[in-house]
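What follows is the content of work_14.pdb (PDB, C-alpha atoms).
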ATOM      1  CA  MET A 241       4.875 -17.449  -2.341
ATOM      2  CA  THR A 242       7.996 -15.292  -2.545
ATOM      3  CA  VAL A 243       8.106 -15.926  -6.297
ATOM      4  CA  ILE A 244       4.412 -15.073  -6.615
ATOM      5  CA  VAL A 245       4.880 -11.810  -4.684
ATOM      6  CA  ALA A 246       7.914 -10.938  -6.822
ATOM      7  CA  LEU A 247       6.037 -11.670 -10.056
ATOM      8  CA  ARG A 248       3.097  -9.573  -8.857
ATOM      9  CA  TYR A 249       5.508  -6.733  -8.166
ATOM     10  CA  PHE A 250       7.132  -6.946 -11.595
ATOM     11  CA  ALA A 251       3.756  -7.198 -13.344
ATOM     12  CA  SER A 252       2.086  -4.294 -11.522
ATOM     13  CA  SER A 253       5.026  -1.910 -11.200
ATOM     14  CA  GLY A 254       6.217  -2.776 -14.703
ATOM     15  CA  ALA A 255       2.792  -2.100 -16.187
ATOM     16  CA  PHE A 256       2.506   1.313 -14.561
ATOM     17  CA  ALA A 257       6.123   2.188 -15.344
ATOM     18  CA  TRP A 258       5.320   1.422 -18.994
ATOM     19  CA  LEU A 259       2.143   3.522 -18.733
ATOM     20  CA  THR A 260       4.196   6.371 -17.277
ATOM     21  CA  SER A 261       6.593   6.217 -20.218
ATOM     22  CA  ARG A 262       3.622   6.665 -22.536
ATOM     23  CA  MET A 263       1.635   9.231 -20.578
ATOM     24  CA  ARG A 264       4.523  11.229 -19.097
ATOM     25  CA  PRO A 265       7.542  10.667 -21.383
ATOM     26  CA  GLY A 266      10.816  11.515 -19.686
ATOM     27  CA  LEU A 267       9.402  11.627 -16.161
ATOM     28  CA  TYR A 268      11.860   8.945 -15.002
ATOM     29  CA  ARG A 269      14.745  10.179 -17.120
ATOM     30  CA  GLY A 270      18.063  10.021 -15.250
ATOM     31  CA  LEU A 271      16.607   7.790 -12.502
ATOM     32  CA  ALA A 272      18.119   4.472 -13.648
ATOM     33  CA  PRO A 273      20.456   4.111 -10.596
ATOM     34  CA  GLN A 274      17.556   4.877  -8.262
ATOM     35  CA  ILE A 275      15.289   2.375 -10.029
ATOM     36  CA  ARG A 276      17.954  -0.319  -9.694
ATOM     37  CA  ARG A 277      18.025   0.323  -5.935
ATOM     38  CA  GLU A 278      14.224   0.173  -5.831
ATOM     39  CA  LEU A 279      14.298  -3.180  -7.618
ATOM     40  CA  THR A 280      16.875  -4.581  -5.186
ATOM     41  CA  TRP A 281      15.018  -3.508  -2.043
ATOM     42  CA  SER A 282      11.693  -4.630  -3.531
ATOM     43  CA  LEU A 283      12.952  -8.139  -4.245
ATOM     44  CA  ALA A 284      14.181  -8.375  -0.656
ATOM     45  CA  SER A 285      10.732  -7.225   0.471
ATOM     46  CA  ALA A 286       9.112  -9.879  -1.732
ATOM     47  CA  ALA A 287      10.999 -12.554   0.206
ATOM     48  CA  ILE A 288       9.761 -11.112   3.495
ATOM     49  CA  TYR A 289       6.157 -10.768   2.291
ATOM     50  CA  GLY A 290       6.265 -14.318   0.956
ATOM     51  CA  VAL A 291       6.888 -15.962   4.339
ATOM     52  CA  PRO A 292       3.645 -14.978   6.152
ATOM     53  CA  ALA A 293       1.708 -15.363   2.892
ATOM     54  CA  GLY A 294       2.964 -18.931   2.611
ATOM     55  CA  MET A 295       2.074 -19.605   6.241
ATOM     56  CA  VAL A 296      -1.466 -18.361   5.617
ATOM     57  CA  ALA A 297      -1.861 -20.511   2.502
ATOM     58  CA  TRP A 298      -0.617 -23.585   4.412
ATOM     59  CA  GLY A 299      -2.705 -22.798   7.481
ATOM     60  CA  TRP A 300      -5.828 -22.399   5.361
ATOM     61  CA  GLN A 301      -5.476 -25.351   3.001
ATOM     62  CA  ALA A 302      -3.710 -27.917   5.169
ATOM     63  CA  GLN A 303      -4.783 -27.071   8.714
ATOM     64  CA  GLY A 304      -7.984 -25.032   8.522
ATOM     65  CA  TRP A 305      -6.606 -22.499  10.978
ATOM     66  CA  THR A 306      -7.669 -19.320   9.198
ATOM     67  CA  GLN A 307     -11.037 -17.586   8.811
ATOM     68  CA  VAL A 308     -10.765 -17.713   4.999
ATOM     69  CA  TYR A 309     -13.759 -19.465   3.441
ATOM     70  CA  ALA A 310     -14.588 -20.510  -0.118
ATOM     71  CA  ARG A 311     -18.377 -21.066   0.020
ATOM     72  CA  ALA A 312     -20.228 -17.765  -0.297
ATOM     73  CA  ASP A 313     -23.091 -19.066   1.877
ATOM     74  CA  ASP A 314     -20.800 -19.811   4.830
ATOM     75  CA  HIS A 315     -21.571 -16.258   5.987
ATOM     76  CA  PRO A 316     -24.384 -13.817   5.131
ATOM     77  CA  LEU A 317     -24.006 -12.278   1.682
ATOM     78  CA  TRP A 318     -23.875  -8.768   3.159
ATOM     79  CA  TRP A 319     -20.618  -9.796   4.827
ATOM     80  CA  LEU A 320     -18.868  -9.940   1.433
ATOM     81  CA  PRO A 321     -18.791  -6.138   0.914
ATOM     82  CA  ALA A 322     -18.640  -5.524   4.673
ATOM     83  CA  SER A 323     -15.544  -7.700   5.076
ATOM     84  CA  PHE A 324     -13.898  -5.980   2.107
ATOM     85  CA  LEU A 325     -14.400  -2.589   3.744
ATOM     86  CA  ALA A 326     -13.364  -3.942   7.155
ATOM     87  CA  TYR A 327     -10.066  -5.242   5.786
ATOM     88  CA  LEU A 328      -9.320  -1.944   4.051
ATOM     89  CA  LEU A 329     -10.143   0.099   7.163
ATOM     90  CA  LEU A 330      -8.109  -2.115   9.501
ATOM     91  CA  HIS A 331      -5.162  -2.252   7.120
ATOM     92  CA  ASP A 332      -5.338   1.507   6.653
ATOM     93  CA  ALA A 333      -5.322   2.095  10.425
ATOM     94  CA  TRP A 334      -2.289  -0.175  10.870
ATOM     95  CA  PHE A 335      -0.502   1.512   7.990
ATOM     96  CA  TYR A 336      -1.221   5.035   9.246
ATOM     97  CA  TRP A 337       0.101   4.469  12.757
ATOM     98  CA  THR A 338       3.120   2.344  11.820
ATOM     99  CA  HIS A 339       3.981   4.766   9.008
ATOM    100  CA  ARG A 340       3.669   7.743  11.340
ATOM    101  CA  TRP A 341       5.844   5.935  13.910
ATOM    102  CA  MET A 342       8.480   5.325  11.237
ATOM    103  CA  HIS A 343       8.822   9.058  10.775
ATOM    104  CA  ARG A 344      10.175   9.386  14.290
ATOM    105  CA  PRO A 345      13.947  10.007  14.116
ATOM    106  CA  ALA A 346      15.251   6.588  15.210
ATOM    107  CA  PRO A 347      13.023   4.300  13.103
ATOM    108  CA  PHE A 348      13.334   6.683  10.171
ATOM    109  CA  ARG A 349      17.124   6.456  10.213
ATOM    110  CA  LEU A 350      17.019   2.702  10.783
ATOM    111  CA  ALA A 351      14.459   1.721   8.156
ATOM    112  CA  HIS A 352      12.119   4.233   6.549
ATOM    113  CA  ALA A 353      14.912   6.323   5.029
ATOM    114  CA  VAL A 354      15.327   3.551   2.442
ATOM    115  CA  HIS A 355      11.864   4.237   1.053
ATOM    116  CA  HIS A 356      12.345   7.997   1.081
ATOM    117  CA  ALA A 357      15.645   7.659  -0.750
ATOM    118  CA  SER A 358      13.473   7.457  -3.869
ATOM    119  CA  ARG A 359      13.442  11.116  -4.893
ATOM    120  CA  PRO A 360      11.105  11.340  -6.673
ATOM    121  CA  PRO A 361       9.377   7.993  -6.174
ATOM    122  CA  THR A 362       8.655   5.877  -9.235
ATOM    123  CA  ALA A 363       6.244   3.040  -9.954
ATOM    124  CA  TRP A 364       9.082   0.692  -8.957
ATOM    125  CA  ALA A 365       9.220   2.158  -5.416
ATOM    126  CA  ALA A 366       5.965   0.585  -4.186
ATOM    127  CA  MET A 367       7.828  -2.212  -2.332
ATOM    128  CA  SER A 368      11.183  -0.505  -1.898
ATOM    129  CA  PHE A 369      11.470  -1.029   1.864
ATOM    130  CA  HIS A 370      14.115  -1.807   4.434
ATOM    131  CA  PRO A 371      13.467  -5.320   5.838
ATOM    132  CA  VAL A 372      12.216  -3.862   9.129
ATOM    133  CA  GLU A 373       9.593  -1.812   7.320
ATOM    134  CA  ALA A 374       8.743  -4.710   5.007
ATOM    135  CA  LEU A 375       8.077  -6.874   8.059
ATOM    136  CA  THR A 376       5.580  -4.368   9.493
ATOM    137  CA  GLY A 377       3.727  -4.353   6.177
ATOM    138  CA  ALA A 378       3.891  -8.098   5.606
ATOM    139  CA  VAL A 379       2.157  -9.222   8.813
ATOM    140  CA  VAL A 380      -1.082  -7.245   8.886
ATOM    141  CA  ILE A 381      -3.235  -9.008   6.256
ATOM    142  CA  PRO A 382      -1.949 -12.483   7.250
ATOM    143  CA  ALA A 383      -2.798 -11.661  10.875
ATOM    144  CA  LEU A 384      -6.299 -10.483   9.983
ATOM    145  CA  VAL A 385      -7.242 -13.726   8.205
ATOM    146  CA  PHE A 386      -6.907 -15.579  11.511
ATOM    147  CA  VAL A 387      -9.508 -13.387  13.246
ATOM    148  CA  VAL A 388     -11.766 -11.741  10.623
ATOM    149  CA  PRO A 389     -13.729 -14.066   8.290
ATOM    150  CA  VAL A 390     -13.172 -13.321   4.614
ATOM    151  CA  HIS A 391     -14.159 -15.040   1.389
ATOM    152  CA  VAL A 392     -11.163 -16.069  -0.682
ATOM    153  CA  ALA A 393     -12.335 -13.891  -3.604
ATOM    154  CA  VAL A 394     -12.715 -10.861  -1.321
ATOM    155  CA  LEU A 395      -9.233 -11.488   0.038
ATOM    156  CA  GLY A 396      -7.935 -11.522  -3.517
ATOM    157  CA  LEU A 397      -9.708  -8.212  -4.182
ATOM    158  CA  VAL A 398      -8.160  -6.687  -1.046
ATOM    159  CA  LEU A 399      -4.697  -7.730  -2.229
ATOM    160  CA  ALA A 400      -5.403  -6.333  -5.693
ATOM    161  CA  VAL A 401      -6.475  -2.960  -4.272
ATOM    162  CA  MET A 402      -3.437  -2.925  -1.966
ATOM    163  CA  THR A 403      -1.167  -3.539  -4.950
ATOM    164  CA  LEU A 404      -2.914  -0.983  -7.169
ATOM    165  CA  MET A 405      -2.819   1.761  -4.542
ATOM    166  CA  GLY A 406       0.766   1.002  -3.565
ATOM    167  CA  VAL A 407       1.962   1.382  -7.148
ATOM    168  CA  THR A 408      -0.221   4.245  -8.370
ATOM    169  CA  ASN A 409       0.465   6.341  -5.263
ATOM    170  CA  HIS A 410       4.171   6.334  -6.175
ATOM    171  CA  MET A 411       4.028   6.924  -9.937
ATOM    172  CA  GLY A 412       4.711  10.633  -9.634
ATOM    173  CA  TRP A 413       1.587  11.681 -11.548
ATOM    174  CA  GLU A 414      -2.145  11.508 -11.057
ATOM    175  CA  MET A 415      -3.973   8.890 -13.137
ATOM    176  CA  PHE A 416      -7.412   9.398 -11.613
ATOM    177  CA  PRO A 417      -9.747  12.084 -13.046
ATOM    178  CA  ARG A 418      -9.460  15.553 -11.561
ATOM    179  CA  ARG A 419     -13.206  15.566 -10.942
ATOM    180  CA  LEU A 420     -12.727  12.593  -8.598
ATOM    181  CA  VAL A 421      -9.538  13.759  -6.878
ATOM    182  CA  HIS A 422     -11.047  17.187  -6.083
ATOM    183  CA  SER A 423     -14.546  15.943  -5.283
ATOM    184  CA  ARG A 424     -16.126  15.346  -1.881
ATOM    185  CA  ALA A 425     -15.208  11.677  -2.192
ATOM    186  CA  GLY A 426     -11.662  12.673  -3.096
ATOM    187  CA  ARG A 427     -11.353  14.455   0.233
ATOM    188  CA  TRP A 428     -11.441  11.013   1.881
ATOM    189  CA  LEU A 429      -9.535   8.923  -0.666
ATOM    190  CA  ILE A 430      -5.785   8.742  -1.181
ATOM    191  CA  THR A 431      -4.353   8.958  -4.675
ATOM    192  CA  ALA A 432      -0.972   9.970  -6.090
ATOM    193  CA  SER A 433      -1.662  13.682  -5.526
ATOM    194  CA  HIS A 434      -2.004  13.071  -1.788
ATOM    195  CA  HIS A 435       0.913  10.678  -1.347
ATOM    196  CA  GLN A 436       3.215  12.741  -3.565
ATOM    197  CA  ARG A 437       2.992  15.553  -1.012
ATOM    198  CA  HIS A 438       4.105  13.113   1.690
ATOM    199  CA  HIS A 439       7.249  12.368  -0.323
ATOM    200  CA  GLU A 440       7.832  16.084  -0.850
ATOM    201  CA  GLN A 441       7.324  17.233   2.737
ATOM    202  CA  TYR A 442       7.914  13.994   4.734
ATOM    203  CA  ARG A 443       5.508  15.110   7.476
ATOM    204  CA  GLY A 444       1.818  14.322   7.136
ATOM    205  CA  ASN A 445      -0.303  12.372   4.647
ATOM    206  CA  TYR A 446       0.520   9.055   6.290
ATOM    207  CA  GLY A 447      -2.476   6.975   5.148
ATOM    208  CA  LEU A 448      -2.702   4.274   2.487
ATOM    209  CA  TYR A 449      -6.308   4.167   1.254
ATOM    210  CA  PHE A 450      -8.258   6.798   3.163
ATOM    211  CA  ARG A 451      -7.608  10.263   4.595
ATOM    212  CA  HIS A 452      -9.767  10.075   7.730
ATOM    213  CA  TRP A 453      -6.850   9.385  10.107
ATOM    214  CA  ASP A 454      -4.937  12.312   8.648
ATOM    215  CA  HIS A 455      -7.995  14.529   9.056
ATOM    216  CA  LEU A 456      -8.668  13.348  12.623
ATOM    217  CA  CYS A 457      -5.039  13.714  13.713
ATOM    218  CA  GLY A 458      -4.322  16.995  11.942
ATOM    219  CA  THR A 459      -1.702  15.476   9.643
ATOM    220  CA  ASP A 460      -3.434  16.012   6.300
ATOM    221  CA  ARG A 461      -1.258  18.269   4.151
ATOM    222  CA  GLY A 462      -3.521  18.408   1.120
ATOM    223  CA  LEU A 463      -2.631  17.578  -2.459
ATOM    224  CA  ALA A 464       0.453  18.044  -4.573
ATOM    225  CA  PRO A 465       0.179  18.942  -8.270
ATOM    226  CA  ALA A 466       1.031  15.312  -9.240
TER
END
Output the file's structure in the form of structure tokens.
Amino acid sequence: MTVIVALRYFASSGAFAWLTSRMRPGLYRGLAPQIRRELTWSLASAAIYGVPAGMVAWGWQAQGWTQVYARADDHPLWWLPASFLAYLLLHDAWFYWTHRWMHRPAPFRLAHAVHHASRPPTAWAAMSFHPVEALTGAVVIPALVFVVPVHVAVLGLVLAVMTLMGVTNHMGWEMFPRRLVHSRAGRWLITASHHQRHHEQYRGNYGLYFRHWDHLCGTDRGLAPA
């Protein structure tokens, strides 16, 4: 599972780094030492993410401990989209509050400073975490599959969205259309423009997928010209 997580990282971050070189030539110029650090921390994170992922795969296939199911009719069909949204909302809530906690002085110095050492962040920074921070991110989805039923295909879609958002939020430029980013829907969705401001100002914009926690808690700092 560690190898799979590492390959997913190289495939996704590598693809968007290549896209950046085509769409924004020179954006990562002079950042080679930083990118090497991002690669090193990300591979360490892949090892940490791989452990609970492997436990989930074993618990599902060998022991039947999880709530992951493969037959679509094991639960009502409406639960397929509902479970997808539930996983995103629960993951987003966990991410918001743990991320906000990591901006307190002690945990920031201990762990989160590694991620913010990427100035500016690149597509390779999506998993560039200190092991303590990687552990907080690695446990949430594996924990959810033991309590919230989810079809295996929906779980795969959740992981795909998590990967896509993690990488695109750190590219340093906005790939989504302006009409979406500045629309009513965009007020509630997180894209690179929103997360880039977090990396510029450090305070605020703590969410992963959605902006509702930032709005409710007064920590939304708006958009950067990413």
Could you name the residues that touch segment 283-295 of chain A at 6 Å or less, counting only C-alpha atoms, but leaving out those on the same chain fewer than 2 positions away, as a ChimeraX atom specification?
/A:241-242,245-246,280-281,297-299,374,378
Hits from the PyMOL selection byres ((chain A and resi 447) around 10), listed as a PDB file with C-alpha atoms, in the frame of the given file:
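Written file, selection27.pdb:
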ATOM      1  CA  HIS A 331      -5.162  -2.252   7.120  1.00  0.00           C
ATOM      2  CA  ASP A 332      -5.338   1.507   6.653  1.00  0.00           C
ATOM      3  CA  ALA A 333      -5.322   2.095  10.425  1.00  0.00           C
ATOM      4  CA  TRP A 334      -2.289  -0.175  10.870  1.00  0.00           C
ATOM      5  CA  PHE A 335      -0.502   1.512   7.990  1.00  0.00           C
ATOM      6  CA  TYR A 336      -1.221   5.035   9.246  1.00  0.00           C
ATOM      7  CA  TRP A 337       0.101   4.469  12.757  1.00  0.00           C
ATOM      8  CA  THR A 338       3.120   2.344  11.820  1.00  0.00           C
ATOM      9  CA  HIS A 339       3.981   4.766   9.008  1.00  0.00           C
ATOM     10  CA  ARG A 340       3.669   7.743  11.340  1.00  0.00           C
ATOM     11  CA  LEU A 429      -9.535   8.923  -0.666  1.00  0.00           C
ATOM     12  CA  ILE A 430      -5.785   8.742  -1.181  1.00  0.00           C
ATOM     13  CA  HIS A 434      -2.004  13.071  -1.788  1.00  0.00           C
ATOM     14  CA  HIS A 435       0.913  10.678  -1.347  1.00  0.00           C
ATOM     15  CA  HIS A 438       4.105  13.113   1.690  1.00  0.00           C
ATOM     16  CA  GLY A 444       1.818  14.322   7.136  1.00  0.00           C
ATOM     17  CA  ASN A 445      -0.303  12.372   4.647  1.00  0.00           C
ATOM     18  CA  TYR A 446       0.520   9.055   6.290  1.00  0.00           C
ATOM     19  CA  LEU A 448      -2.702   4.274   2.487  1.00  0.00           C
ATOM     20  CA  TYR A 449      -6.308   4.167   1.254  1.00  0.00           C
ATOM     21  CA  PHE A 450      -8.258   6.798   3.163  1.00  0.00           C
ATOM     22  CA  ARG A 451      -7.608  10.263   4.595  1.00  0.00           C
ATOM     23  CA  HIS A 452      -9.767  10.075   7.730  1.00  0.00           C
ATOM     24  CA  TRP A 453      -6.850   9.385  10.107  1.00  0.00           C
ATOM     25  CA  ASP A 454      -4.937  12.312   8.648  1.00  0.00           C
ATOM     26  CA  THR A 459      -1.702  15.476   9.643  1.00  0.00           C
ATOM     27  CA  ASP A 460      -3.434  16.012   6.300  1.00  0.00           C
TER      28      ASP A 460
END
Closest of A:Pro389, A:Gly426, A:Pro360, A:Pro417 to Ala312 of chain A - atom-to-atom distances counting all atoms listed in the file
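Looking only at the distances to Ala312 of chain A, the closest residue turns out to be A:Pro389.
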May I have a table of the residues of segment 255-351 of chain A lying at most 6 Å from segment 390-406 of chain A, giving each one's closest pair of atoms and their distance in Å to one decimal, counting all atoms listed in the file, ordered by chain and ascending residue number, as CSV?
residue,atom,partner,partner_atom,distance
A:Val308,CA,A:Val390,CA,5.0
A:Tyr309,CA,A:His391,CA,4.9
A:Ala310,CA,A:Val392,CA,5.6
From the set A:Ser261, A:Ser282, A:Ser323, A:Thr431, which residue has the shortest atom-to-atom contact distance to His410 of chain A, counting all atoms listed in the file?
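Ranked by minimum distance to His410 of chain A, first place goes to A:Thr431.
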Do a neighbour search on Met342 of chain A at 10 Å with only C-alpha atoms, toss out local chain neighbours closer than 4 positions, and write the hits as a ChimeraX atom specification.
/A:336-338,346-353,373
A:His343, A:Asp314, A:Tyr249, A:Val243 ranked by distance to Ala366 of chain A, top pick (using all atoms listed in the file)
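Of A:His343, A:Asp314, A:Tyr249, A:Val243, the one nearest Ala366 of chain A, counting all atoms listed in the file, is A:Tyr249.
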Selection in question (the file shown): the PyMOL selection byres ((chain A and resi 277) around 12). Which residues does it include, as a PyMOL selection string?
chain A and resi 271-276+278-284+354-359+361-362+364-365+367-370
